[in-house]
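To start, the structure itself, in structure tokens.
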Amino acid sequence: MKLLDTNGGNTKLRKNNKDINIRVAGLSLYPIDTRICAFQDIAQCKGPCLSDSGFAKVYESVNQARMAKTDLYLNERKKFIELLRYELTNFERLCLKQSVTPYVRLNVISDIQYELKANGCIPQSFPNINFFDYTKIAKRLGKTPDNYELMFSYSNAPAYQQSVRKALKTDVPISVVFFGNMPNRFMGKEVVDGDSSDIVNLGYKNKIVGLKYKSVGDKIDPRDSMFIVNMESA
């Protein structure tokens, strides 16, 4: 079993690899429940999640592979961490050989705190790799290692607003999914187009990273989702 996508096969990663000076790898688990994505119920983002979009919508094998990796994480954590360390070591060597800067997104469609001891203190173990993620766990903001940058993921779900308020007190970029035209400002902050590169998005401190709604078929109506800001009714 291979954990990391190091070739940009995932559409979320591919856009970052347009920069020839960097190489981006990612880890895609399946967000089966709150053990993998802690706030999926509170933020009401399970329905519009992109876990079943893209290649996963076409090829059943995509999510089968993600589920196999998820089972390994949940049931054989030590083996999972050992394999992840092995693959990250090889990725770091590859990037050094190619004279490119390594970036790794550990949570492509999950929200696991890899900086914790229970999850192997992964970023701390690889100080020469730049780690980045979107997260809905506000308590992580400002507490990750220097080589692990986070962006906060917004939702308007009532039970999630305490987390949103915590995020607003920091300078981390806050990603917001918009349905319809993207506004110039949101929650009193400038909105920037975040669809071109997640790496660029990391630098948008104190700004809203606007992401255009991507269809997940007939799973949800984006106009009824708390996770998606409906600009058609604004």
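Order determines the names: the first chain of the structure tokens is A, the second B, and so forth; residues in each chain are numbered 1 upward, and ligands are numbered 1 upward as they are shown.
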
If we count only C-alpha atoms and set the cut-off at 7 Å, which residues sit around range 130-139 of chain A, ignoring sequence neighbours fewer than 2 positions away in its own chain? Please answer as number ranges by chain.
A: 39, 102-107, 111, 123, 128, 141, 147-153, 163, 166-167

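Considering only range 116-145 of chain A, backbone DSSP assigns strand (DSSP E or B) to Asn130, Phe131, Phe132, Asp133, Tyr134 and Thr135 of chain A.
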
Name the residues in contact with Met1 in chain A at a cut-off of 9 Å, using only C-alpha atoms, excluding same-chain residues fewer than 2 positions from it; report them as a ChimeraX atom specification.
/A:3,65,68-69,83
